[in-house]
>>> print(open('my_file.cif').read())   # mmCIF, C-alpha atoms
data_my_file
#
loop_
_atom_site.label_atom_id
_atom_site.label_comp_id
_atom_site.auth_asym_id
_atom_site.auth_seq_id
_atom_site.Cartn_x
_atom_site.Cartn_y
_atom_site.Cartn_z
CA MET A 522 -39.34 11.25 -59.82
CA VAL A 523 -42.19 8.71 -59.67
CA LEU A 524 -40.29 6.08 -61.64
CA ARG A 525 -37.33 6.24 -59.28
CA ALA A 526 -39.61 5.24 -56.42
CA ILE A 527 -39.65 1.66 -57.69
CA LEU A 528 -37.47 -0.06 -55.10
CA LEU A 529 -35.70 -3.35 -55.57
CA LEU A 530 -35.84 -3.86 -51.83
CA ALA A 531 -39.55 -4.64 -52.05
CA VAL A 532 -38.91 -8.04 -53.58
CA GLY A 533 -37.94 -10.99 -51.43
CA VAL A 534 -34.73 -12.80 -52.30
CA PRO A 535 -34.09 -16.21 -50.73
CA LEU A 536 -31.99 -15.81 -47.60
CA MET A 537 -28.39 -16.94 -47.72
CA ALA A 538 -25.11 -15.92 -46.18
CA GLY A 539 -24.04 -12.39 -47.06
CA GLU A 540 -25.53 -8.93 -46.82
CA PHE A 541 -27.60 -6.33 -48.64
CA ALA A 542 -26.04 -2.98 -49.56
CA VAL A 543 -28.78 -0.38 -49.11
CA PHE A 544 -28.38 2.58 -51.49
CA ALA A 545 -29.57 6.11 -50.81
CA SER A 546 -32.08 5.64 -53.64
CA GLY A 547 -33.72 2.80 -51.70
CA ALA A 548 -32.44 0.03 -53.97
CA ARG A 549 -30.66 -2.96 -52.45
CA LEU A 550 -28.02 -5.23 -53.96
CA GLN A 551 -26.88 -8.50 -52.48
CA ALA A 552 -23.17 -9.03 -51.83
CA ASP A 553 -21.06 -11.60 -50.04
CA ARG A 554 -19.24 -8.91 -48.04
CA HIS A 555 -17.87 -5.39 -48.28
CA GLU A 556 -14.75 -3.42 -47.47
CA ARG A 557 -14.35 0.33 -47.02
CA ASP A 558 -11.28 2.12 -48.34
CA GLY A 559 -11.59 5.84 -47.65
CA ASN A 560 -14.46 7.19 -49.75
CA VAL A 561 -14.88 3.94 -51.70
CA ILE A 562 -16.76 0.79 -50.73
CA ARG A 563 -15.91 -2.49 -52.43
CA LEU A 564 -18.77 -4.98 -52.80
CA TYR A 565 -17.66 -8.59 -53.25
CA HIS A 566 -20.01 -10.95 -55.09
CA GLY A 567 -18.79 -14.43 -56.02
CA SER A 568 -15.49 -13.97 -57.81
CA GLY A 569 -16.19 -10.35 -58.74
CA VAL A 570 -15.84 -7.01 -56.99
CA SER A 571 -17.46 -3.63 -57.64
CA GLU A 572 -16.50 -0.23 -56.29
CA VAL A 573 -19.10 2.42 -55.41
CA PRO A 574 -18.84 5.79 -53.62
CA ALA A 575 -19.30 5.39 -49.88
CA SER A 576 -21.79 8.26 -49.95
CA ALA A 577 -24.13 6.22 -52.18
CA ILE A 578 -24.67 3.50 -49.54
CA VAL A 579 -26.56 4.29 -46.36
CA ASP A 580 -26.58 0.92 -44.63
CA PHE A 581 -25.71 -2.77 -44.78
CA GLU A 582 -28.17 -5.46 -43.72
CA THR A 583 -26.77 -8.81 -42.68
CA ILE A 584 -28.50 -11.85 -44.16
CA PRO A 585 -28.81 -14.52 -41.46
CA GLU A 586 -27.42 -17.95 -42.08
CA PRO A 587 -30.16 -20.50 -42.79
CA PRO A 588 -30.80 -22.90 -39.90
CA ALA A 589 -28.60 -25.97 -39.91
CA ALA A 590 -30.28 -29.01 -41.38
CA VAL A 591 -30.89 -32.01 -39.15
CA PRO A 592 -28.63 -34.87 -40.32
CA ALA A 593 -30.66 -37.50 -42.14
CA PRO A 594 -30.21 -41.22 -41.49
CA VAL A 595 -27.55 -42.76 -43.69
CA ALA A 596 -29.04 -44.89 -46.41
CA VAL A 597 -27.43 -46.78 -49.27
CA MET A 598 -29.09 -45.69 -52.48
CA VAL A 599 -28.26 -45.93 -56.13
CA PRO A 600 -27.85 -42.33 -57.38
CA GLU A 601 -30.17 -41.27 -60.15
CA PRO A 602 -28.74 -39.50 -63.19
CA ALA A 603 -28.68 -35.74 -62.81
CA PRO A 604 -31.43 -34.01 -64.79
CA PRO A 605 -30.26 -32.13 -67.88
CA PRO A 606 -29.76 -28.37 -67.46
CA SER A 607 -32.94 -26.38 -67.98
CA ASN A 608 -33.33 -24.46 -71.23
CA ASP A 609 -36.51 -22.73 -70.03
CA PRO A 610 -35.79 -18.98 -70.23
CA ARG A 611 -37.92 -18.31 -67.14
CA GLU A 612 -35.89 -20.71 -65.00
CA LEU A 613 -32.60 -19.47 -66.46
CA ILE A 614 -33.65 -15.90 -65.66
CA ARG A 615 -34.50 -16.84 -62.09
CA GLN A 616 -31.13 -18.55 -61.58
CA ALA A 617 -29.14 -15.73 -63.24
CA ALA A 618 -30.94 -13.06 -61.21
CA LEU A 619 -30.18 -14.78 -57.92
CA ARG A 620 -26.52 -15.20 -58.88
CA ALA A 621 -26.38 -11.47 -59.62
CA GLY A 622 -28.15 -10.56 -56.38
CA LEU A 623 -31.15 -9.08 -58.23
CA PRO A 624 -34.89 -9.78 -57.89
CA PRO A 625 -35.89 -12.37 -60.53
CA GLU A 626 -39.03 -10.33 -61.30
CA PHE A 627 -36.87 -7.35 -62.24
CA VAL A 628 -34.63 -9.28 -64.64
CA ALA A 629 -37.67 -11.08 -66.09
CA SER A 630 -39.36 -7.72 -66.73
CA VAL A 631 -36.35 -6.55 -68.74
CA ALA A 632 -36.29 -9.82 -70.70
CA LYS A 633 -40.02 -9.61 -71.50
CA VAL A 634 -39.74 -6.08 -72.85
CA GLU A 635 -36.51 -6.83 -74.71
CA SER A 636 -37.50 -10.02 -76.53
CA ALA A 637 -40.71 -11.50 -75.05
CA LEU A 638 -38.36 -14.24 -73.73
CA ARG A 639 -37.54 -15.46 -77.27
CA PRO A 640 -34.02 -16.93 -77.62
CA GLU A 641 -34.18 -16.57 -81.41
CA ALA A 642 -35.04 -12.84 -81.34
CA VAL A 643 -32.70 -10.53 -83.29
CA SER A 644 -33.34 -6.79 -83.42
CA PRO A 645 -32.88 -4.62 -86.54
CA LYS A 646 -29.71 -3.26 -84.90
CA GLY A 647 -28.32 -6.77 -84.34
CA ALA A 648 -29.13 -7.32 -80.64
CA ILE A 649 -29.41 -11.04 -79.95
CA GLY A 650 -31.53 -13.36 -77.84
CA VAL A 651 -33.62 -13.08 -74.69
CA MET A 652 -31.69 -10.18 -73.14
CA GLN A 653 -31.00 -8.59 -76.57
CA LEU A 654 -27.24 -8.30 -76.20
CA MET A 655 -25.21 -6.61 -78.90
CA PRO A 656 -22.33 -8.85 -80.03
CA ALA A 657 -19.70 -6.43 -78.70
CA THR A 658 -21.45 -6.20 -75.33
CA ALA A 659 -21.69 -9.99 -75.08
CA LYS A 660 -18.00 -10.31 -75.95
CA SER A 661 -17.05 -7.82 -73.23
CA LEU A 662 -19.00 -9.94 -70.75
CA GLY A 663 -17.36 -13.17 -71.92
CA ALA A 664 -20.62 -14.64 -73.22
CA ASP A 665 -21.87 -16.27 -76.40
CA PRO A 666 -25.10 -14.35 -77.12
CA HIS A 667 -26.46 -17.27 -79.15
CA ASP A 668 -26.26 -19.55 -76.08
CA VAL A 669 -29.47 -18.81 -74.17
CA ALA A 670 -28.02 -19.54 -70.72
CA GLN A 671 -24.91 -17.40 -71.33
CA ASN A 672 -27.05 -14.65 -72.88
CA ILE A 673 -29.34 -14.44 -69.85
CA ASP A 674 -26.51 -14.66 -67.33
CA ALA A 675 -24.61 -11.86 -69.09
CA GLY A 676 -27.73 -9.70 -69.24
CA ALA A 677 -28.32 -10.09 -65.50
CA ARG A 678 -24.68 -9.23 -64.78
CA LEU A 679 -24.92 -6.17 -67.01
CA LEU A 680 -28.02 -4.96 -65.15
CA ARG A 681 -26.24 -5.40 -61.83
CA ASP A 682 -23.17 -3.51 -63.09
CA LEU A 683 -25.36 -0.63 -64.31
CA LEU A 684 -27.21 -0.43 -60.99
CA LEU A 685 -23.86 -0.23 -59.22
CA LYS A 686 -22.58 2.36 -61.71
CA TYR A 687 -25.58 4.61 -61.06
CA ASP A 688 -25.68 4.06 -57.28
CA GLY A 689 -28.92 2.07 -57.39
CA ASP A 690 -30.81 4.48 -59.68
CA VAL A 691 -33.15 2.11 -61.53
CA VAL A 692 -34.19 4.65 -64.18
CA LYS A 693 -30.61 5.47 -65.16
CA ALA A 694 -29.66 1.78 -65.20
CA LEU A 695 -32.56 0.87 -67.50
CA SER A 696 -31.88 3.89 -69.71
CA ALA A 697 -28.25 2.81 -70.08
CA TYR A 698 -29.29 -0.78 -70.86
CA ASN A 699 -31.47 0.55 -73.67
CA ALA A 700 -29.59 3.57 -75.02
CA GLY A 701 -26.09 3.08 -73.63
CA PRO A 702 -24.16 4.73 -70.80
CA GLY A 703 -22.94 7.43 -73.18
CA ALA A 704 -26.47 8.74 -73.72
CA VAL A 705 -27.15 8.75 -69.97
CA ALA A 706 -23.93 10.70 -69.37
CA ARG A 707 -24.72 13.15 -72.17
CA TYR A 708 -28.14 14.02 -70.74
CA GLN A 709 -27.25 13.38 -67.07
CA GLY A 710 -30.14 10.99 -66.74
CA MET A 711 -32.77 9.39 -68.96
CA PRO A 712 -32.15 10.64 -72.52
CA PRO A 713 -35.07 12.37 -74.26
CA TYR A 714 -35.57 9.52 -76.70
CA ASP A 715 -39.15 8.32 -77.15
CA GLU A 716 -37.95 4.74 -77.50
CA THR A 717 -35.98 4.87 -74.24
CA ARG A 718 -38.79 6.55 -72.30
CA ARG A 719 -41.27 3.94 -73.51
CA TYR A 720 -38.78 1.18 -72.70
CA VAL A 721 -38.19 2.33 -69.11
CA ASN A 722 -41.93 2.75 -68.50
CA LYS A 723 -42.69 -0.70 -69.92
CA VAL A 724 -40.04 -2.44 -67.80
CA ILE A 725 -41.13 -0.71 -64.60
CA GLY A 726 -44.79 -1.39 -65.42
CA ALA A 727 -44.06 -5.08 -65.98
CA TYR A 728 -42.05 -5.20 -62.76
CA GLN A 729 -44.87 -3.60 -60.77
CA ALA A 730 -47.38 -6.05 -62.27
CA ALA A 731 -45.16 -9.01 -61.27
CA LEU A 732 -44.97 -8.00 -57.60
CA PRO A 733 -47.25 -9.90 -55.17
#
>>> encode(input="my_file.cif", output="structure tokens")
Amino acid sequence: MVLRAILLLAVGVPLMAGEFAVFASGARLQADRHERDGNVIRLYHGSGVSEVPASAIVDFETIPEPPAAVPAPVAVMVPEPAPPPSNDPRELIRQAALRAGLPPEFVASVAKVESALRPEAVSPKGAIGVMQLMPATAKSLGADPHDVAQNIDAGARLLRDLLLKYDGDVVKALSAYNAGPGAVARYQGMPPYDETRRYVNKVIGAYQAALP
């Protein structure tokens, strides 16, 4: 499938300690470390852990530690007040994507198609905010969908969980984000809904356009 050829590995993520899990589909997800238990691999990311079939992952790539910084001369300075947290959806998307181990361009593409980055957006079905989270979905992710930072962070985490659920299959993950995992299971892939097909094509098109 042409759409499935869109690989997350093509996007550079700032280097930091950890590793990339390389899926058979070509997608990569960043993790702190992994453990193998029989036919299951556990991927540890921050305080969370996800389990995927060992057969879905073909390799692990170690991310080198950044070079140690040269100690700066000690100087006595009066600290400046910390800047207030950013409320810019673009910056919040970038930060949330990196925390989730996803390319910021990918999460931003979903946000643009979902809401055009508008925190006040509410769909006819009741989906809320930039990442268009349904209230029940936001609750299951421990987020307030009306708080733009929590909304975006939860949306990025949901995308990561769906990519793990479908072994790195971007098309299935996007289809589930739009139509729900039940529809993907029912049709064993992208459901034959015009809305979902348009949605997946729009997100992948926006992602392709954002790549260097």
>>> residues_around(input="my_file.cif", residues="Asp553 (chain A)", least_positions_apart="2", cutoff="6 Å", atoms="only C-alpha atoms", output="ChimeraX atom specification")
/A:539,565-566
>>> resolve_selection(input="my_file.cif", expression="the PyMOL selection byres ((chain A and resi 667-669) around 7)", output="NGL selection string")
:A and (640 or 649-650 or 665-666 or 670-673)
>>> resolve_selection(input="my_file.cif", expression="the PyMOL selection byres ((chain A and resi 626) around 8)", output="list in words")
Arg615, Pro624, Pro625, Phe627, Val628, Ala629, Ser630, Tyr728, Ala731 and Leu732 of chain A
>>> closest_residue(input="my_file.cif", among="A:Ala637, A:Ala664, A:Ala677, A:Leu685", to="Glu572 (chain A)", atoms="all atoms listed in the file")
A:Leu685
>>> closest_residue(input="my_file.cif", among="A:Val573, A:Ala675, A:Ala657, A:Leu564", to="Ile614 (chain A)", atoms="all atoms listed in the file")
A:Ala675
>>> atom_distance(input="my_file.cif", atom1="CA of Ala575 (chain A)", atom2="CA of Val561 (chain A)")
5.0 Å
